[in-house]
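Structure first, commentary second.
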Amino acid sequence: MVGEDIAVWCSKIDEARNFRIAHRDNYYRKLRRDCRRVYDGPVTQGVIAVIIISSFITVCIEAQEQPQEGTDLARLILNLDAVFTTIFILDLCANFYAHYFKAFAYNPWNIFDCVIVFVSVVSLLNASSANPYEGLEILSNARAFRIFRLAGKFSQLKKIVGAIGTSVIPMANGFLIALIFGSIFCVLGTGFFKDMDPDNFGTFARTFYTLWLAMAFGIWDNQLSFQDENSRINFGVVLYLVVFVIFMLWISLQVVLAILLENFVSAQQEEQAREAKAQLDTISRANKTTGGLDPLLGEMFRCFDTTENMVKGVTRIFLFLDTGENGYLAYSDVYQGCKKLNTQTMVRVSDFDWDILTHDVTLLDEDERMSLPNFHRMMRHQLTAYVQRHVSEVQSLNEDAIDKHWTF
């Protein structure tokens, strides 16, 4: 009975192994990986960027020339629009296949691409029909938004757009304060000057428009004079304008700009921190000669802040691994015990790692067992190497950041 159970168990293991191998070597998975590698390559993304820019230039030429329907230029632009739309559809399909499905659906830039391509298709079909529907002609103007697809193709543009998007909500609070101040001045201006200049200050809306022109473009073209009919200074107009300039131009708008810059820089620093952490994680995963104790070493540095506590911690780890209370550790004790440690990433010490940790068994006795003093010696060496690795990795990241800093 035991032999049959073992045979069934081995058969299940072989089936699971064969399934994983077949899943890994599946033809369509390999094809998708190759497609993703080609699609995400700089050459393909560069070609797509050139096509997007060409499409935008075509839209600009159409807006400038305003070709009449039926002319050669109008037919040429319509044909180019059809070519660009077809290319964008193929680009979207290739992107969907290469990153199917979660990676594609969870990327907001891909959703934006879908919306733009859908609008382009509807606009093209409406323009190509015999009786185009006038209500859909406005969609042709949406083709100008194709240029924003560049932000999804280049990481630096994506970072800038993302930082701006992060700054919008805090900046909206500053705009709200500015709007409140502006509304107060509109109410006061309407009450003070509606009889003197009804065309520009007769209502709230007229006053708002007049003050907007003054604030945005520096235009003060109205019937309010700084001098009255006796050539004396009209202090009411002067005081109103001075206070308006101080509160709106020197305070409110500067606060909005400061909020925008602060949140933009904060978003940049957070993105750089995420990239640095991702690079450190990649380096740590790629480093195969560390001995496999990096998760444990990181937890030890977080838990033990002095040398004395670190020594006590190493002893406690030895006693935890020495489940048989033999006073020594074999490879099986370390392998089984490390998996039971409460670390963020499970510690798995392989045979190769064990040889590295024991300096090719020089820290073991004749029975391939490690004593407590040798365990302390091994852990001191591993802790020192851990610090040295991370210092060098951080230094290399800082050197790379000098060439990758953002320009405003």
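Naming scheme: A, B, ... for chains in displayed order of the structure tokens; residues 1 onward per chain; ligands 1 onward as shown.
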Identify, on the basis of only C-alpha atoms, every residue whose closest approach to region 324-332 of chain A does not exceed 9 Å; exclude the query and any residue fewer than 3 positions from it along the same chain; express the result as a list of chain:residue names.
A:Phe318, A:Leu319, A:Leu321, A:Tyr335, A:Gln336, A:Gly337, A:Val349, A:Asp351, A:Trp354, A:Leu364, A:Asp367, A:Glu368, A:Arg369, A:Met370, A:Ser371, A:Leu372, A:Phe375
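Near Ala49 (chain A), within a cut-off of 9 Å and counting only C-alpha atoms, sit the residues Thr44, Gln45, Ile53, Ser54, Ile147, Arg149, Leu150, Lys153 and Phe154 of chain A, with same-chain residues fewer than 4 positions away left out.
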For the residues in the current selection, export N, CA, C and O atoms as a compact mmCIF listing (two decimals), in the first residue's frame.
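again_13.txt written:
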```
# COMPACT_ATOMS: atom_id res chain seq x y z
N THR A 44 10.99 50.11 -32.40
CA THR A 44 9.54 50.12 -32.63
C THR A 44 8.89 51.34 -32.01
O THR A 44 8.06 52.02 -32.64
N GLN A 45 9.26 51.67 -30.77
CA GLN A 45 8.67 52.84 -30.12
C GLN A 45 9.07 54.12 -30.82
O GLN A 45 8.28 55.07 -30.90
N ILE A 53 3.79 61.92 -34.43
CA ILE A 53 4.14 63.31 -34.74
C ILE A 53 3.68 63.68 -36.14
O ILE A 53 3.17 64.79 -36.38
N SER A 54 3.85 62.78 -37.11
CA SER A 54 3.40 63.04 -38.47
C SER A 54 1.88 63.24 -38.52
O SER A 54 1.40 64.12 -39.24
N ILE A 147 -1.35 63.48 -30.10
CA ILE A 147 0.04 63.79 -29.73
C ILE A 147 0.32 63.39 -28.28
O ILE A 147 1.47 63.10 -27.93
N ARG A 149 -0.32 60.69 -27.00
CA ARG A 149 0.09 59.29 -26.95
C ARG A 149 1.60 59.16 -26.83
O ARG A 149 2.10 58.11 -26.44
N LEU A 150 2.31 60.24 -27.17
CA LEU A 150 3.77 60.20 -27.01
C LEU A 150 4.16 60.01 -25.55
O LEU A 150 5.19 59.40 -25.25
N LYS A 153 4.72 56.56 -24.60
CA LYS A 153 5.80 55.85 -25.28
C LYS A 153 7.17 56.15 -24.69
O LYS A 153 8.10 55.36 -24.85
N PHE A 154 7.32 57.31 -24.04
CA PHE A 154 8.62 57.71 -23.49
C PHE A 154 8.49 57.89 -21.99
O PHE A 154 7.60 58.58 -21.50
```
Neighbours of region 91-106 of chain A within 9 Å (only C-alpha atoms; same-chain residues fewer than 6 positions away dropped), as a PDB file with all heavy atoms, in the first residue's frame?
```pdb
ATOM      1  N   LEU A  31       5.850  33.251 -28.354  1.00  0.00           N
ATOM      2  CA  LEU A  31       5.540  34.250 -29.374  1.00  0.00           C
ATOM      3  C   LEU A  31       5.165  35.584 -28.736  1.00  0.00           C
ATOM      4  O   LEU A  31       5.577  36.648 -29.213  1.00  0.00           O
ATOM      5  CB  LEU A  31       4.401  33.745 -30.258  1.00  0.00           C
ATOM      6  CG  LEU A  31       3.994  34.655 -31.426  1.00  0.00           C
ATOM      7  CD1 LEU A  31       5.151  34.849 -32.388  1.00  0.00           C
ATOM      8  CD2 LEU A  31       2.784  34.068 -32.153  1.00  0.00           C
ATOM      9  N   ARG A  32       4.391  35.533 -27.627  1.00  0.00           N
ATOM     10  CA  ARG A  32       4.013  36.767 -26.940  1.00  0.00           C
ATOM     11  C   ARG A  32       5.234  37.439 -26.326  1.00  0.00           C
ATOM     12  O   ARG A  32       5.355  38.673 -26.360  1.00  0.00           O
ATOM     13  CB  ARG A  32       2.969  36.474 -25.867  1.00  0.00           C
ATOM     14  CG  ARG A  32       2.432  37.730 -25.188  1.00  0.00           C
ATOM     15  CD  ARG A  32       1.337  37.423 -24.173  1.00  0.00           C
ATOM     16  NE  ARG A  32       0.154  36.914 -24.832  1.00  0.00           N
ATOM     17  CZ  ARG A  32      -0.314  35.690 -24.688  1.00  0.00           C
ATOM     18  NH1 ARG A  32       0.313  34.833 -23.906  1.00  0.00           N
ATOM     19  NH2 ARG A  32      -1.411  35.291 -25.314  1.00  0.00           N
ATOM     20  N   ARG A  33       6.149  36.661 -25.761  1.00  0.00           N
ATOM     21  CA  ARG A  33       7.366  37.249 -25.204  1.00  0.00           C
ATOM     22  C   ARG A  33       8.203  37.905 -26.287  1.00  0.00           C
ATOM     23  O   ARG A  33       8.736  39.013 -26.096  1.00  0.00           O
ATOM     24  CB  ARG A  33       8.187  36.173 -24.478  1.00  0.00           C
ATOM     25  CG  ARG A  33       7.617  35.750 -23.138  1.00  0.00           C
ATOM     26  CD  ARG A  33       8.667  35.014 -22.325  1.00  0.00           C
ATOM     27  NE  ARG A  33       9.097  33.783 -22.987  1.00  0.00           N
ATOM     28  CZ  ARG A  33       8.553  32.594 -22.764  1.00  0.00           C
ATOM     29  NH1 ARG A  33       7.550  32.473 -21.912  1.00  0.00           N
ATOM     30  NH2 ARG A  33       9.001  31.530 -23.395  1.00  0.00           N
ATOM     31  N   ASP A  34       8.331  37.234 -27.439  1.00  0.00           N
ATOM     32  CA  ASP A  34       9.088  37.830 -28.545  1.00  0.00           C
ATOM     33  C   ASP A  34       8.409  39.100 -29.057  1.00  0.00           C
ATOM     34  O   ASP A  34       9.081  40.102 -29.348  1.00  0.00           O
ATOM     35  CB  ASP A  34       9.232  36.816 -29.686  1.00  0.00           C
ATOM     36  CG  ASP A  34      10.076  35.614 -29.287  1.00  0.00           C
ATOM     37  OD1 ASP A  34      10.859  35.743 -28.333  1.00  0.00           O
ATOM     38  OD2 ASP A  34       9.926  34.544 -29.923  1.00  0.00           O
ATOM     39  N   CYS A  35       7.080  39.049 -29.135  1.00  0.00           N
ATOM     40  CA  CYS A  35       6.332  40.233 -29.580  1.00  0.00           C
ATOM     41  C   CYS A  35       6.501  41.381 -28.591  1.00  0.00           C
ATOM     42  O   CYS A  35       6.678  42.542 -28.997  1.00  0.00           O
ATOM     43  CB  CYS A  35       4.861  39.875 -29.752  1.00  0.00           C
ATOM     44  SG  CYS A  35       3.825  41.246 -30.313  1.00  0.00           S
ATOM     45  N   ARG A  36       6.479  41.068 -27.302  1.00  0.00           N
ATOM     46  CA  ARG A  36       6.645  42.113 -26.288  1.00  0.00           C
ATOM     47  C   ARG A  36       8.043  42.708 -26.342  1.00  0.00           C
ATOM     48  O   ARG A  36       8.224  43.935 -26.208  1.00  0.00           O
ATOM     49  CB  ARG A  36       6.364  41.536 -24.904  1.00  0.00           C
ATOM     50  CG  ARG A  36       6.492  42.556 -23.790  1.00  0.00           C
ATOM     51  CD  ARG A  36       5.897  42.054 -22.491  1.00  0.00           C
ATOM     52  NE  ARG A  36       6.457  40.785 -22.064  1.00  0.00           N
ATOM     53  CZ  ARG A  36       5.798  39.638 -22.037  1.00  0.00           C
ATOM     54  NH1 ARG A  36       4.534  39.588 -22.433  1.00  0.00           N
ATOM     55  NH2 ARG A  36       6.375  38.528 -21.620  1.00  0.00           N
ATOM     56  N   ARG A  37       9.041  41.863 -26.570  1.00  0.00           N
ATOM     57  CA  ARG A  37      10.407  42.369 -26.641  1.00  0.00           C
ATOM     58  C   ARG A  37      10.592  43.280 -27.846  1.00  0.00           C
ATOM     59  O   ARG A  37      11.225  44.354 -27.749  1.00  0.00           O
ATOM     60  CB  ARG A  37      11.390  41.203 -26.711  1.00  0.00           C
ATOM     61  CG  ARG A  37      12.851  41.646 -26.712  1.00  0.00           C
ATOM     62  CD  ARG A  37      13.800  40.476 -26.643  1.00  0.00           C
ATOM     63  NE  ARG A  37      13.659  39.579 -27.779  1.00  0.00           N
ATOM     64  CZ  ARG A  37      13.065  38.389 -27.732  1.00  0.00           C
ATOM     65  NH1 ARG A  37      12.560  37.965 -26.590  1.00  0.00           N
ATOM     66  NH2 ARG A  37      12.981  37.622 -28.793  1.00  0.00           N
ATOM     67  N   TYR A  39       8.094  44.884 -29.494  1.00  0.00           N
ATOM     68  CA  TYR A  39       7.210  46.055 -29.388  1.00  0.00           C
ATOM     69  C   TYR A  39       7.777  47.086 -28.410  1.00  0.00           C
ATOM     70  O   TYR A  39       7.716  48.295 -28.663  1.00  0.00           O
ATOM     71  CB  TYR A  39       5.824  45.620 -28.936  1.00  0.00           C
ATOM     72  CG  TYR A  39       4.846  46.759 -28.808  1.00  0.00           C
ATOM     73  CD1 TYR A  39       4.160  47.254 -29.911  1.00  0.00           C
ATOM     74  CD2 TYR A  39       4.605  47.357 -27.566  1.00  0.00           C
ATOM     75  CE1 TYR A  39       3.279  48.301 -29.803  1.00  0.00           C
ATOM     76  CE2 TYR A  39       3.718  48.410 -27.446  1.00  0.00           C
ATOM     77  CZ  TYR A  39       3.060  48.877 -28.571  1.00  0.00           C
ATOM     78  OH  TYR A  39       2.184  49.929 -28.441  1.00  0.00           O
ATOM     79  N   ASP A  40       8.323  46.633 -27.287  1.00  0.00           N
ATOM     80  CA  ASP A  40       8.863  47.553 -26.285  1.00  0.00           C
ATOM     81  C   ASP A  40      10.266  48.037 -26.628  1.00  0.00           C
ATOM     82  O   ASP A  40      10.819  48.870 -25.898  1.00  0.00           O
ATOM     83  CB  ASP A  40       8.895  46.883 -24.909  1.00  0.00           C
ATOM     84  CG  ASP A  40       7.489  46.631 -24.377  1.00  0.00           C
ATOM     85  OD1 ASP A  40       6.563  47.333 -24.811  1.00  0.00           O
ATOM     86  OD2 ASP A  40       7.327  45.712 -23.526  1.00  0.00           O
ATOM     87  N   ILE A  48       6.835  54.410 -33.952  1.00  0.00           N
ATOM     88  CA  ILE A  48       5.474  54.813 -33.568  1.00  0.00           C
ATOM     89  C   ILE A  48       5.441  56.292 -33.195  1.00  0.00           C
ATOM     90  O   ILE A  48       4.493  57.018 -33.539  1.00  0.00           O
ATOM     91  CB  ILE A  48       4.972  53.944 -32.405  1.00  0.00           C
ATOM     92  CG1 ILE A  48       4.846  52.484 -32.852  1.00  0.00           C
ATOM     93  CG2 ILE A  48       3.630  54.444 -31.891  1.00  0.00           C
ATOM     94  CD1 ILE A  48       4.489  51.537 -31.730  1.00  0.00           C
ATOM     95  N   ASP A 113      -5.132  55.368 -25.030  1.00  0.00           N
ATOM     96  CA  ASP A 113      -4.941  55.011 -26.441  1.00  0.00           C
ATOM     97  C   ASP A 113      -6.211  54.428 -27.030  1.00  0.00           C
ATOM     98  O   ASP A 113      -6.578  54.740 -28.175  1.00  0.00           O
ATOM     99  CB  ASP A 113      -3.785  54.007 -26.570  1.00  0.00           C
ATOM    100  CG  ASP A 113      -2.433  54.665 -26.359  1.00  0.00           C
ATOM    101  OD1 ASP A 113      -2.391  55.909 -26.291  1.00  0.00           O
ATOM    102  OD2 ASP A 113      -1.431  53.940 -26.246  1.00  0.00           O
ATOM    103  N   CYS A 114      -6.887  53.570 -26.275  1.00  0.00           N
ATOM    104  CA  CYS A 114      -8.129  52.966 -26.775  1.00  0.00           C
ATOM    105  C   CYS A 114      -9.178  54.030 -27.069  1.00  0.00           C
ATOM    106  O   CYS A 114      -9.862  53.981 -28.104  1.00  0.00           O
ATOM    107  CB  CYS A 114      -8.669  51.966 -25.752  1.00  0.00           C
ATOM    108  SG  CYS A 114      -7.657  50.472 -25.536  1.00  0.00           S
ATOM    109  N   VAL A 117      -8.093  56.073 -30.244  1.00  0.00           N
ATOM    110  CA  VAL A 117      -8.241  55.286 -31.474  1.00  0.00           C
ATOM    111  C   VAL A 117      -9.718  55.102 -31.805  1.00  0.00           C
ATOM    112  O   VAL A 117     -10.125  55.193 -32.974  1.00  0.00           O
ATOM    113  CB  VAL A 117      -7.525  53.926 -31.316  1.00  0.00           C
ATOM    114  CG1 VAL A 117      -7.854  53.017 -32.494  1.00  0.00           C
ATOM    115  CG2 VAL A 117      -6.017  54.134 -31.222  1.00  0.00           C
TER     116      VAL A 117
END
```
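Residue neighbourhood of region 267-269 of chain A, excluding near-sequence residues (fewer than 2 positions): Lys159, Ile160, Gly162, Ala163, Ile164, Gly165, Thr166, Ser167, Leu261, Glu262, Asn263, Phe264, Val265, Glu271, Gln272, Ala273, Arg274, Glu275, His405 and Trp406 of chain A, at 10 Å, using only C-alpha atoms.
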Would you give me, as number ranges by chain, the residues in region 160-388 of chain A that DSSP reads as alpha helix (DSSP H)? A: 160-193, 198-201, 204-217, 235-244, 253-286, 294-303, 307-321, 331-339, 351-357, 372-388
- prompt: Which residues in region 248-379 of chain A does DSSP call strand (DSSP E)? List them as a count of residues only.
  reply: 4
